[in-house]
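Peer 1: Sharing start36.cif below, mmCIF, C-alpha atoms:
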```cif
data_model
loop_
_atom_site.label_atom_id
_atom_site.label_comp_id
_atom_site.auth_asym_id
_atom_site.auth_seq_id
_atom_site.Cartn_x
_atom_site.Cartn_y
_atom_site.Cartn_z
CA MET A 27 99.70 108.05 118.27
CA SER A 28 101.15 111.42 117.29
CA VAL A 29 103.56 111.71 114.36
CA GLU A 30 106.63 113.88 114.89
CA MET A 31 107.65 116.37 112.21
CA ASN A 32 111.05 114.70 111.92
CA ASP A 33 109.65 111.17 111.44
CA CYS A 34 110.93 111.19 107.89
CA ILE A 35 113.81 110.77 105.50
CA ILE A 36 114.96 114.02 103.87
CA THR A 37 116.72 114.42 100.55
CA TYR A 38 118.82 117.51 99.91
CA ARG A 39 119.82 118.89 96.53
CA GLY A 40 122.78 121.03 97.41
CA ASN A 41 121.72 122.57 100.74
CA VAL A 42 118.06 122.78 99.74
CA VAL A 43 115.46 120.37 101.15
CA GLU A 44 113.91 118.72 98.10
CA ASN A 45 111.75 115.92 99.54
CA ARG A 46 110.50 114.55 102.85
CA HIS A 47 109.50 110.88 102.95
CA GLN A 48 107.38 110.18 106.03
CA VAL A 49 108.35 107.02 107.92
CA HIS A 50 106.12 104.79 110.04
CA ALA A 51 107.56 101.79 111.87
CA ALA A 52 106.70 99.33 114.62
CA ILE A 53 109.09 97.12 116.58
CA VAL A 54 107.36 94.35 118.54
CA ASP A 55 108.42 91.40 120.65
CA ALA A 56 107.52 87.75 120.09
CA THR A 57 104.17 88.24 121.81
CA GLY A 58 103.26 91.19 119.59
CA LYS A 59 103.85 93.80 122.30
CA LEU A 60 104.85 97.16 120.82
CA LEU A 61 108.32 98.15 122.03
CA TYR A 62 109.51 100.96 119.76
CA ALA A 63 107.99 103.11 117.05
CA VAL A 64 108.54 105.73 114.38
CA GLY A 65 105.61 107.79 113.16
CA ASP A 66 102.32 105.91 113.57
CA PRO A 67 102.93 102.22 114.39
CA SER A 68 99.18 101.55 114.20
CA ARG A 69 98.80 102.88 110.65
CA THR A 70 96.47 100.60 108.68
CA THR A 71 98.76 99.29 105.97
CA LEU A 72 98.16 97.16 102.91
CA ILE A 73 101.00 94.75 103.54
CA ARG A 74 101.15 93.53 99.93
CA SER A 75 103.95 90.97 99.38
CA THR A 76 105.08 91.05 103.00
CA ALA A 77 102.01 88.81 103.46
CA LYS A 78 103.68 86.00 101.49
CA PRO A 79 105.05 84.05 104.48
CA ALA A 80 101.52 84.00 105.96
CA GLN A 81 100.11 82.93 102.61
CA ALA A 82 102.81 80.25 102.37
CA LEU A 83 101.82 78.96 105.81
CA ALA A 84 98.22 78.57 104.65
CA ILE A 85 99.52 76.63 101.64
CA LEU A 86 101.75 74.41 103.79
CA GLU A 87 98.85 73.56 106.06
CA THR A 88 96.88 72.05 103.16
CA GLY A 89 99.36 69.16 103.05
CA CYS A 90 100.28 69.88 99.44
CA PHE A 91 104.03 69.80 100.12
CA HIS A 92 104.08 66.10 100.85
CA GLN A 93 101.42 65.37 98.25
CA PHE A 94 103.35 66.98 95.39
CA GLY A 95 106.94 66.64 96.58
CA PHE A 96 107.79 70.32 97.07
CA ASP A 97 111.02 71.27 98.84
CA ASP A 98 112.38 74.30 100.72
CA ALA A 99 113.55 76.00 97.52
CA ASP A 100 109.98 75.78 96.21
CA LEU A 101 108.78 77.24 99.50
CA ALA A 102 111.23 80.12 99.14
CA LEU A 103 109.85 80.91 95.68
CA MET A 104 106.33 80.94 97.14
CA CYS A 105 107.53 83.75 99.43
CA ALA A 106 109.34 85.60 96.65
CA SER A 107 108.91 88.82 94.72
CA HIS A 108 111.54 87.64 92.30
CA ASN A 109 113.56 89.23 89.52
CA SER A 110 112.23 86.86 86.83
CA GLU A 111 115.73 85.51 86.34
CA GLU A 112 116.05 82.12 84.65
CA ARG A 113 116.46 80.37 88.02
CA HIS A 114 113.13 81.84 89.15
CA ILE A 115 111.20 81.04 85.98
CA SER A 116 112.56 77.51 85.67
CA ARG A 117 111.65 76.72 89.28
CA ALA A 118 108.13 78.11 88.84
CA ARG A 119 107.72 75.89 85.76
CA ALA A 120 108.99 72.88 87.72
CA MET A 121 106.52 73.59 90.52
CA LEU A 122 103.65 73.67 88.03
CA ALA A 123 104.86 70.39 86.53
CA LYS A 124 104.71 68.75 89.96
CA ILE A 125 100.98 69.46 90.13
CA LYS A 126 100.45 68.64 86.44
CA GLY A 127 99.62 72.26 85.74
CA ASP A 128 100.87 74.79 83.22
CA GLU A 129 101.29 78.51 82.79
CA ALA A 130 97.72 78.98 81.59
CA ASP A 131 96.49 77.94 85.05
CA LEU A 132 98.10 80.99 86.67
CA ARG A 133 95.82 83.94 87.36
CA CYS A 134 98.57 86.56 87.43
CA GLY A 135 99.64 88.63 84.44
CA GLY A 136 102.98 89.48 82.89
CA HIS A 137 104.83 92.70 83.72
CA PRO A 138 108.29 94.26 83.24
CA ALA A 139 110.89 92.48 85.36
CA LEU A 140 111.78 94.00 88.73
CA SER A 141 115.41 93.70 87.63
CA ALA A 142 116.52 96.38 85.17
CA LYS A 143 119.15 93.95 83.84
CA VAL A 144 116.57 91.25 83.13
CA ASN A 145 114.12 93.75 81.71
CA ASN A 146 116.72 95.25 79.36
CA GLY A 147 117.52 91.75 78.13
CA TRP A 148 113.87 91.13 77.38
CA ILE A 149 113.59 94.39 75.46
CA LYS A 150 116.66 93.59 73.35
CA ALA A 151 115.29 90.11 72.63
CA GLY A 152 111.80 91.42 71.86
CA TYR A 153 110.44 89.17 74.62
CA GLU A 154 106.91 89.77 75.91
CA PRO A 155 106.64 88.90 79.64
CA SER A 156 103.95 86.36 80.49
CA ARG A 157 102.30 84.88 83.57
CA ILE A 158 105.20 82.60 84.48
CA THR A 159 107.56 85.59 84.65
CA ASN A 160 105.35 87.47 87.13
CA ASN A 161 107.36 88.16 90.29
CA CYS A 162 104.64 86.31 92.25
CA SER A 163 104.53 83.19 90.04
CA GLY A 164 105.88 80.99 92.83
CA LYS A 165 103.11 82.05 95.18
CA HIS A 166 100.49 81.41 92.52
CA ALA A 167 101.90 77.95 91.82
CA GLY A 168 101.66 77.28 95.55
CA MET A 169 98.06 78.48 95.67
CA LEU A 170 97.20 76.11 92.81
CA ALA A 171 98.81 73.25 94.72
CA GLY A 172 96.91 74.15 97.88
CA ALA A 173 93.62 74.32 96.01
CA GLU A 174 94.29 70.89 94.51
CA ALA A 175 95.23 69.42 97.90
CA ILE A 176 91.95 70.49 99.54
CA GLY A 177 89.87 69.40 96.57
CA ALA A 178 88.76 72.89 95.58
CA GLY A 179 88.50 74.18 92.02
CA LYS A 180 91.76 75.47 90.56
CA SER A 181 90.36 77.90 88.00
CA THR A 182 89.09 80.33 90.65
CA TYR A 183 91.82 79.86 93.27
CA HIS A 184 92.53 83.60 93.22
CA LEU A 185 89.05 84.81 94.13
CA PRO A 186 88.37 86.12 97.66
CA ASP A 187 85.65 83.54 98.38
CA HIS A 188 87.65 80.53 97.17
CA PRO A 189 88.37 77.98 99.94
CA MET A 190 92.12 78.54 99.53
CA GLN A 191 91.76 82.29 100.06
CA LEU A 192 89.44 81.73 103.03
CA ARG A 193 92.23 79.66 104.57
CA VAL A 194 94.64 82.54 103.96
CA LYS A 195 92.24 84.95 105.67
CA ASP A 196 91.98 82.68 108.71
CA THR A 197 95.77 82.34 108.85
CA VAL A 198 96.35 86.10 108.74
CA GLU A 199 93.81 86.66 111.52
CA GLU A 200 95.38 83.95 113.68
CA LEU A 201 98.97 85.14 113.19
CA THR A 202 98.06 88.75 113.95
CA GLY A 203 95.65 88.02 116.79
CA LEU A 204 93.06 90.22 115.05
CA ASP A 205 89.36 89.50 114.61
CA TYR A 206 88.00 89.22 111.08
CA TYR A 207 86.44 92.68 111.17
CA GLN A 208 89.83 94.22 112.04
CA VAL A 209 91.43 93.00 108.82
CA GLN A 210 90.52 94.75 105.57
CA TRP A 211 91.13 93.20 102.16
CA ALA A 212 91.86 94.51 98.68
CA ILE A 213 93.23 92.97 95.46
CA ASP A 214 97.01 92.96 95.08
CA GLY A 215 98.93 93.67 91.90
CA CYS A 216 99.22 89.94 91.18
CA ASN A 217 95.43 89.41 91.43
CA LEU A 218 95.29 87.76 94.87
CA PRO A 219 93.61 89.24 97.97
CA ALA A 220 95.95 91.38 100.10
CA PRO A 221 95.31 92.20 103.78
CA ALA A 222 95.41 95.64 105.37
CA ILE A 223 96.32 95.56 109.07
CA PRO A 224 97.90 97.81 111.70
CA LEU A 225 101.63 98.10 111.16
CA TYR A 226 102.40 96.54 114.55
CA SER A 227 100.37 93.47 113.52
CA LEU A 228 102.65 92.96 110.54
CA GLY A 229 105.58 93.07 112.94
CA ARG A 230 103.90 90.33 114.98
CA ILE A 231 103.76 88.01 111.94
CA TYR A 232 107.50 88.39 111.45
CA SER A 233 108.42 88.08 115.12
CA SER A 234 106.48 84.80 115.05
CA LEU A 235 108.61 83.57 112.14
CA ALA A 236 111.83 84.35 113.98
CA ALA A 237 110.59 82.98 117.31
CA ALA A 238 109.56 79.74 115.62
CA ALA A 239 113.04 79.36 114.13
CA ASP A 240 114.53 79.81 117.62
CA THR A 241 112.15 77.30 119.18
CA VAL A 242 112.89 74.58 116.64
CA GLN A 243 116.65 75.13 116.65
CA LYS A 244 116.74 74.87 120.45
CA GLY A 245 114.93 71.54 120.24
CA HIS A 246 111.98 72.74 122.29
CA LYS A 247 108.62 71.05 121.88
CA ALA A 248 106.82 72.79 119.05
CA SER A 249 103.38 72.69 117.50
CA THR A 250 102.97 71.72 113.86
CA ARG A 251 102.32 75.37 113.00
CA THR A 252 105.48 76.49 114.80
CA GLU A 253 107.48 73.90 112.88
CA MET A 254 106.00 75.18 109.62
CA LEU A 255 106.79 78.80 110.49
CA ALA A 256 110.36 77.72 111.23
CA GLN A 257 110.45 75.92 107.88
CA ILE A 258 109.40 79.14 106.11
CA PHE A 259 112.11 81.09 107.95
CA ARG A 260 114.67 78.44 107.01
CA ALA A 261 113.62 78.35 103.37
CA MET A 262 113.81 82.13 102.97
CA THR A 263 117.20 82.45 104.65
CA GLN A 264 118.65 79.35 102.98
CA TYR A 265 117.64 80.51 99.50
CA PRO A 266 117.75 84.33 99.64
CA GLU A 267 118.60 84.45 95.93
CA LEU A 268 115.14 83.07 95.18
CA ILE A 269 113.33 85.68 97.30
CA GLY A 270 114.55 88.59 95.18
CA GLY A 271 117.59 87.97 93.04
CA GLU A 272 120.74 89.72 91.88
CA ASP A 273 121.29 93.12 93.55
CA ARG A 274 117.93 93.02 95.35
CA PHE A 275 117.71 94.30 98.93
CA CYS A 276 115.89 91.26 100.36
CA THR A 277 118.50 88.89 98.95
CA ARG A 278 121.49 90.92 100.10
CA LEU A 279 119.98 91.61 103.54
CA MET A 280 119.36 87.94 104.36
CA ALA A 281 122.66 86.79 102.85
CA THR A 282 124.58 89.41 104.84
CA PHE A 283 122.90 88.59 108.15
CA GLN A 284 123.57 84.86 107.65
CA GLY A 285 120.32 83.41 108.95
CA GLY A 286 119.90 85.90 111.78
CA LEU A 287 116.88 87.55 110.24
CA VAL A 288 114.30 87.22 107.51
CA GLY A 289 113.20 90.25 105.46
CA LYS A 290 110.56 90.79 102.80
CA LEU A 291 109.48 93.67 100.60
CA GLY A 292 105.90 94.69 99.96
CA ALA A 293 104.92 96.97 97.09
CA ASP A 294 104.35 100.70 97.61
CA GLY A 295 106.80 101.14 100.43
CA CYS A 296 106.19 98.33 102.93
CA TYR A 297 108.83 96.12 104.57
CA ALA A 298 108.95 93.55 107.37
CA ILE A 299 111.76 91.80 109.23
CA GLY A 300 111.87 89.02 111.78
CA VAL A 301 115.03 89.00 113.92
CA ARG A 302 116.04 85.89 115.83
CA GLU A 303 117.02 86.03 119.47
CA SER A 304 120.50 87.46 119.98
CA GLU A 305 122.40 89.78 122.29
CA CYS A 306 120.79 92.63 120.36
CA THR A 307 117.22 91.45 120.81
CA GLN A 308 117.89 90.68 124.48
CA ARG A 309 118.71 94.37 124.96
CA ILE A 310 115.47 95.34 123.22
CA SER A 311 113.05 92.70 124.47
CA THR A 312 112.62 90.16 127.26
CA SER A 313 110.77 87.81 124.87
CA GLY A 314 113.56 86.81 122.49
CA ALA A 315 112.82 87.44 118.82
CA ILE A 316 111.53 90.75 117.51
CA GLY A 317 109.56 91.90 114.49
CA ILE A 318 110.13 95.14 112.58
CA SER A 319 107.61 96.59 110.14
CA VAL A 320 108.07 99.77 108.12
CA LYS A 321 105.88 101.85 105.81
CA ILE A 322 106.92 104.87 103.74
CA GLU A 323 103.90 107.12 103.38
CA ASP A 324 104.56 108.04 99.75
CA GLY A 325 105.44 104.49 98.68
CA SER A 326 109.09 105.22 97.80
CA ILE A 327 111.08 101.97 97.68
CA TRP A 328 114.60 103.45 97.85
CA ALA A 329 113.49 105.52 100.88
CA LEU A 330 112.04 102.36 102.41
CA TYR A 331 115.34 100.50 102.18
CA SER A 332 117.18 103.50 103.59
CA ALA A 333 114.74 103.70 106.51
CA VAL A 334 115.04 99.97 107.21
CA MET A 335 118.82 100.24 107.38
CA GLU A 336 118.63 103.30 109.65
CA ILE A 337 116.30 101.42 112.01
CA LEU A 338 118.66 98.44 112.09
CA GLN A 339 121.49 100.88 112.82
CA GLN A 340 119.64 102.61 115.66
CA LEU A 341 118.62 99.26 117.18
CA GLN A 342 122.16 97.90 116.62
CA VAL A 343 120.84 94.76 114.92
CA GLY A 344 123.75 92.65 113.67
CA THR A 345 127.31 93.89 113.54
CA GLN A 346 128.58 97.18 112.16
CA CYS A 347 130.37 95.21 109.46
CA MET A 348 127.10 93.59 108.37
CA ARG A 349 125.30 96.90 108.23
CA GLN A 350 128.19 98.48 106.33
CA GLU A 351 127.82 95.82 103.64
CA LEU A 352 124.45 97.40 102.85
CA ASN A 353 125.56 101.02 103.03
CA ASP A 354 124.57 101.63 99.41
CA PHE A 355 120.95 101.10 100.51
CA HIS A 356 121.37 103.05 103.76
CA HIS A 357 123.02 106.07 102.16
CA PRO A 358 122.19 105.86 98.44
CA PRO A 359 124.24 108.27 96.34
CA LEU A 360 122.29 111.09 94.74
CA LEU A 361 123.83 111.60 91.31
CA ASN A 362 122.88 113.48 88.19
CA THR A 363 123.07 112.08 84.66
CA ASP A 364 126.80 112.84 84.46
CA GLY A 365 127.56 110.95 87.66
CA VAL A 366 128.06 114.09 89.74
CA THR A 367 126.98 114.00 93.38
CA ILE A 368 124.27 116.63 93.74
CA GLY A 369 122.82 115.95 97.19
CA ARG A 370 122.52 113.69 100.18
CA VAL A 371 120.07 111.65 102.25
CA SER A 372 119.39 112.50 105.90
CA HIS A 373 117.65 110.42 108.60
CA PRO A 374 116.34 112.80 111.27
CA PHE A 375 113.86 110.29 112.72
CA VAL A 376 114.51 108.58 116.03
CA VAL A 377 113.27 105.12 116.98
CA ARG A 378 111.47 105.91 120.23
CA SER A 379 110.53 103.64 123.12
CA VAL A 380 106.82 103.25 123.75
#
```
In structure tokens, how does this file's structure come out?
Peer 2:
Amino acid sequence: MSVEMNDCIITYRGNVVENRHQVHAAIVDATGKLLYAVGDPSRTTLIRSTAKPAQALAILETGCFHQFGFDDADLALMCASHNSEERHISRARAMLAKIKGDEADLRCGGHPALSAKVNNGWIKAGYEPSRITNNCSGKHAGMLAGAEAIGAGKSTYHLPDHPMQLRVKDTVEELTGLDYYQVQWAIDGCNLPAPAIPLYSLGRIYSSLAAAADTVQKGHKASTRTEMLAQIFRAMTQYPELIGGEDRFCTRLMATFQGGLVGKLGADGCYAIGVRESECTQRISTSGAIGISVKIEDGSIWALYSAVMEILQQLQVGTQCMRQELNDFHHPPLLNTDGVTIGRVSHPFVVRSV
């Protein structure tokens, strides 16, 4: 599909164009049918942490939740790219305790906190981040639990050929409707396999989450998998503070939209949203829920959030008041070191019907 020259976000310094951030997006219905697009909706995209709900589903299907007594807050942390706040670290430790594991069992490394506030606190305290503070520690604790539940070795749970990761691969293929040869894999920043799929296929995963939530709430007969997808949606929207944390876009987005959508960041400029059936989605689709997936070509995260908000604005998802609550992400101020406004952000792209 052709990419238009204006499929981008532009930053101006004064009246001079300084940067163009190319935007790709796909909007699909609950069946995965492509409805709207920006840029190339079929772009093969490493979906990074937007894969976490699919990974969490694979974990749920091992039966480890009942075996180890996990709850929805634990499930939310499995889907998180968290700030490493105390509430995140303490819950990750509690999850490990439930499976009689400890931090040394995790196969992710330490890194600076995603929260500048948390990170500054660590620096002042001379604290060295460790495995438990990794923003993906909840997911790794879940993978350990899943490996234990299926009787597979825990020490290699992160390797691509481990039975737990093979389950994840099957789950991604089933949720996207893709064959195994259509999904590419690489190693994510946290040391787990990460899938690369067409952008519209990522949208399909998230439309499935939202559609499952609708099905269960309406009391319709649902498969076990549909009930689990609805549980993931519920956990993420019930505990948005665990998905990201203070001042994070994912947390504020889900809190603002009050259970109407689920949203998740992926590293290097990837985002996905599942929107439950509403008057808005009924205007867009005849199939109820919709999925939205976005990729910024240069990996810019602030541009990603701005693009997501512009897409929600153009599709009229939620109310104007809700969208206005997130205006600092939609139209981030461009300031110099003295707090002087030196430019602006423009959104020339148009969400087009396909």
Peer 1: A:Pro359, A:Gly300, A:Gly172, A:Gly179: which is nearest Arg230 of chain A, counting only C-alpha atoms?
Peer 2: A:Gly300
Peer 1: Spell out the residues picked by the PyMOL selection byres ((chain A and resi 272-286) around 8) here, as a short mmCIF file (atom, residue, chain, number, x, y, z; two decimals) with C-alpha atoms, in the frame of the given file.
Peer 2:
```
data_model
loop_
_atom_site.label_atom_id
_atom_site.label_comp_id
_atom_site.auth_asym_id
_atom_site.auth_seq_id
_atom_site.Cartn_x
_atom_site.Cartn_y
_atom_site.Cartn_z
CA ASN A 109 113.56 89.23 89.52
CA SER A 141 115.41 93.70 87.63
CA ARG A 260 114.67 78.44 107.01
CA THR A 263 117.20 82.45 104.65
CA GLN A 264 118.65 79.35 102.98
CA PRO A 266 117.75 84.33 99.64
CA GLU A 267 118.60 84.45 95.93
CA LEU A 268 115.14 83.07 95.18
CA ILE A 269 113.33 85.68 97.30
CA GLY A 270 114.55 88.59 95.18
CA GLY A 271 117.59 87.97 93.04
CA LEU A 287 116.88 87.55 110.24
CA VAL A 288 114.30 87.22 107.51
CA GLY A 289 113.20 90.25 105.46
CA LYS A 290 110.56 90.79 102.80
CA LEU A 291 109.48 93.67 100.60
CA VAL A 301 115.03 89.00 113.92
CA ARG A 302 116.04 85.89 115.83
CA TYR A 331 115.34 100.50 102.18
CA GLY A 344 123.75 92.65 113.67
CA MET A 348 127.10 93.59 108.37
CA GLU A 351 127.82 95.82 103.64
CA LEU A 352 124.45 97.40 102.85
CA PHE A 355 120.95 101.10 100.51
#
```
Peer 1: To verify the selection step, state as a list in words which residues the PyMOL selection byres ((chain A and resi 375) around 10) yields on this input.
Peer 2: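 Output from the PyMOL selection byres ((chain A and resi 375) around 10), applied to this file: Glu30, Met31, Asn32, Asp33, Cys34, Ile35, Ile36, Gln48, Val49, His50, Val64, Gly65, Ala333, Glu336, Ile337, Ser372, His373, Pro374, Val376, Val377 and Arg378 of chain A.
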Peer 1: Could you turn the residues from that selection into a file that holds C-alpha atoms, as a compact mmCIF listing (two decimals), in the coordinates of the input?
Peer 2:
```
# COMPACT_ATOMS: atom_id res chain seq x y z
CA GLU A 30 106.63 113.88 114.89
CA MET A 31 107.65 116.37 112.21
CA ASN A 32 111.05 114.70 111.92
CA ASP A 33 109.65 111.17 111.44
CA CYS A 34 110.93 111.19 107.89
CA ILE A 35 113.81 110.77 105.50
CA ILE A 36 114.96 114.02 103.87
CA GLN A 48 107.38 110.18 106.03
CA VAL A 49 108.35 107.02 107.92
CA HIS A 50 106.12 104.79 110.04
CA VAL A 64 108.54 105.73 114.38
CA GLY A 65 105.61 107.79 113.16
CA ALA A 333 114.74 103.70 106.51
CA GLU A 336 118.63 103.30 109.65
CA ILE A 337 116.30 101.42 112.01
CA SER A 372 119.39 112.50 105.90
CA HIS A 373 117.65 110.42 108.60
CA PRO A 374 116.34 112.80 111.27
CA VAL A 376 114.51 108.58 116.03
CA VAL A 377 113.27 105.12 116.98
CA ARG A 378 111.47 105.91 120.23
```
Peer 1: Please write as a PyMOL selection string the full residue list that the PyMOL selection byres ((chain A and resi 176) around 10) yields on this file.
Peer 2: chain A and resi 85+87-90+171-175+177-179+189-190
Peer 1: Work out how far apart atom CA of Thr159 of chain A and atom CA of Ser110 of chain A are and give it in Å to one decimal.
Peer 2: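 Taking atom CA of Thr159 of chain A as the start and atom CA of Ser110 of chain A as the end point, the length is 5.3 Å.
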Peer 1: Which of these residues is nearest to Ala99 of chain A, using only C-alpha atoms: A:Gly147, A:Gly164, A:Pro138, A:Pro79?
Peer 2: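 Distance minimum relative to Ala99 of chain A lands on A:Gly164.
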Peer 1: Find the distance between atom CA of Glu199 of chain A and atom CA of His166 of chain A and write it in Å to one decimal.
Peer 2: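 Pair atom CA of Glu199 of chain A / atom CA of His166 of chain A returns 20.8 Å.
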Peer 1: Taking all listed atoms of segment 29-41 of chain A, build the axis-aligned box, pad each of the six sides by 4 Å, then write its centre and edge lengths in Å to one decimal as lines of an AutoDock Vina configuration file.
Peer 2:
```
center_x = 113.2
center_y = 116.7
center_z = 105.7
size_x = 27.2
size_y = 19.8
size_z = 26.4
```
Peer 1: Quick one: distance from atom CA of Ser319 of chain A to atom CA of Gly229 of chain A in Å, one decimal?
Peer 2: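 Distance between the two atoms: 4.9 Å.
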Peer 1: In file coordinates, which residues lie within 10 Å of (108.1, 74.3, 100.1) using only C-alpha atoms, given as a PDB file with C-alpha atoms, in the frame of the given file?
Peer 2:
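The resulting out.pdb:
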```pdb
ATOM      1  CA  ALA A  82     102.810  80.250 102.370  1.00  0.00           C
ATOM      2  CA  LEU A  83     101.820  78.960 105.810  1.00  0.00           C
ATOM      3  CA  ILE A  85      99.520  76.630 101.640  1.00  0.00           C
ATOM      4  CA  LEU A  86     101.750  74.410 103.790  1.00  0.00           C
ATOM      5  CA  CYS A  90     100.280  69.880  99.440  1.00  0.00           C
ATOM      6  CA  PHE A  91     104.030  69.800 100.120  1.00  0.00           C
ATOM      7  CA  HIS A  92     104.080  66.100 100.850  1.00  0.00           C
ATOM      8  CA  PHE A  94     103.350  66.980  95.390  1.00  0.00           C
ATOM      9  CA  GLY A  95     106.940  66.640  96.580  1.00  0.00           C
ATOM     10  CA  PHE A  96     107.790  70.320  97.070  1.00  0.00           C
ATOM     11  CA  ASP A  97     111.020  71.270  98.840  1.00  0.00           C
ATOM     12  CA  ASP A  98     112.380  74.300 100.720  1.00  0.00           C
ATOM     13  CA  ALA A  99     113.550  76.000  97.520  1.00  0.00           C
ATOM     14  CA  ASP A 100     109.980  75.780  96.210  1.00  0.00           C
ATOM     15  CA  LEU A 101     108.780  77.240  99.500  1.00  0.00           C
ATOM     16  CA  ALA A 102     111.230  80.120  99.140  1.00  0.00           C
ATOM     17  CA  LEU A 103     109.850  80.910  95.680  1.00  0.00           C
ATOM     18  CA  MET A 104     106.330  80.940  97.140  1.00  0.00           C
ATOM     19  CA  CYS A 105     107.530  83.750  99.430  1.00  0.00           C
ATOM     20  CA  MET A 121     106.520  73.590  90.520  1.00  0.00           C
ATOM     21  CA  GLY A 168     101.660  77.280  95.550  1.00  0.00           C
ATOM     22  CA  MET A 254     106.000  75.180 109.620  1.00  0.00           C
ATOM     23  CA  GLN A 257     110.450  75.920 107.880  1.00  0.00           C
ATOM     24  CA  ILE A 258     109.400  79.140 106.110  1.00  0.00           C
ATOM     25  CA  ALA A 261     113.620  78.350 103.370  1.00  0.00           C
TER      26      ALA A 261
END
```
Peer 1: Do a neighbour search on Ile53 of chain A at 10 Å with only C-alpha atoms, toss out local chain neighbours closer than 5 positions, and write the hits as a PyMOL selection string.
Peer 2: chain A and resi 58-64+67+225-230+233+298-300+310-311+316-320+337+341+377-380
Peer 1: Starting from the incomplete input, reconstruct N, CA and C atoms of segment 63-77 of chain A and report them as a PDB file, in the frame of the given file.
Peer 2:
```
ATOM      1  N   ALA A  63     108.780 102.633 118.187  1.00  0.00           N
ATOM      2  CA  ALA A  63     107.990 103.110 117.050  1.00  0.00           C
ATOM      3  C   ALA A  63     108.661 104.294 116.376  1.00  0.00           C
ATOM      4  N   VAL A  64     108.278 104.499 115.139  1.00  0.00           N
ATOM      5  CA  VAL A  64     108.540 105.730 114.380  1.00  0.00           C
ATOM      6  C   VAL A  64     107.212 106.110 113.745  1.00  0.00           C
ATOM      7  N   GLY A  65     106.874 107.395 113.766  1.00  0.00           N
ATOM      8  CA  GLY A  65     105.610 107.790 113.160  1.00  0.00           C
ATOM      9  C   GLY A  65     104.440 107.108 113.843  1.00  0.00           C
ATOM     10  N   ASP A  66     103.523 106.571 113.055  1.00  0.00           N
ATOM     11  CA  ASP A  66     102.320 105.910 113.570  1.00  0.00           C
ATOM     12  C   ASP A  66     102.434 104.408 113.416  1.00  0.00           C
ATOM     13  N   PRO A  67     102.760 103.670 114.492  1.00  0.00           N
ATOM     14  CA  PRO A  67     102.930 102.220 114.390  1.00  0.00           C
ATOM     15  C   PRO A  67     101.614 101.472 114.223  1.00  0.00           C
ATOM     16  N   SER A  68     100.488 102.185 114.365  1.00  0.00           N
ATOM     17  CA  SER A  68      99.180 101.550 114.200  1.00  0.00           C
ATOM     18  C   SER A  68      98.571 101.856 112.840  1.00  0.00           C
ATOM     19  N   ARG A  69      99.327 102.512 111.967  1.00  0.00           N
ATOM     20  CA  ARG A  69      98.800 102.880 110.650  1.00  0.00           C
ATOM     21  C   ARG A  69      98.268 101.646 109.937  1.00  0.00           C
ATOM     22  N   THR A  70      97.013 101.693 109.481  1.00  0.00           N
ATOM     23  CA  THR A  70      96.470 100.600 108.680  1.00  0.00           C
ATOM     24  C   THR A  70      97.220 100.555 107.366  1.00  0.00           C
ATOM     25  N   THR A  71      97.827  99.406 107.084  1.00  0.00           N
ATOM     26  CA  THR A  71      98.760  99.290 105.970  1.00  0.00           C
ATOM     27  C   THR A  71      98.422  98.073 105.122  1.00  0.00           C
ATOM     28  N   LEU A  72      98.260  98.287 103.830  1.00  0.00           N
ATOM     29  CA  LEU A  72      98.160  97.160 102.910  1.00  0.00           C
ATOM     30  C   LEU A  72      99.539  96.523 102.825  1.00  0.00           C
ATOM     31  N   ILE A  73      99.659  95.316 103.350  1.00  0.00           N
ATOM     32  CA  ILE A  73     101.000  94.750 103.540  1.00  0.00           C
ATOM     33  C   ILE A  73     101.538  94.064 102.289  1.00  0.00           C
ATOM     34  N   ARG A  74     100.730  93.985 101.248  1.00  0.00           N
ATOM     35  CA  ARG A  74     101.150  93.530  99.930  1.00  0.00           C
ATOM     36  C   ARG A  74     102.002  92.253 100.030  1.00  0.00           C
ATOM     37  N   SER A  75     103.180  92.223  99.431  1.00  0.00           N
ATOM     38  CA  SER A  75     103.950  90.970  99.380  1.00  0.00           C
ATOM     39  C   SER A  75     104.632  90.610 100.693  1.00  0.00           C
ATOM     40  N   THR A  76     104.588  91.483 101.691  1.00  0.00           N
ATOM     41  CA  THR A  76     105.080  91.050 103.000  1.00  0.00           C
ATOM     42  C   THR A  76     104.137  90.003 103.599  1.00  0.00           C
ATOM     43  N   ALA A  77     102.951  89.827 103.000  1.00  0.00           N
ATOM     44  CA  ALA A  77     102.010  88.810 103.460  1.00  0.00           C
ATOM     45  C   ALA A  77     102.405  87.410 102.996  1.00  0.00           C
TER      46      ALA A  77
END
```
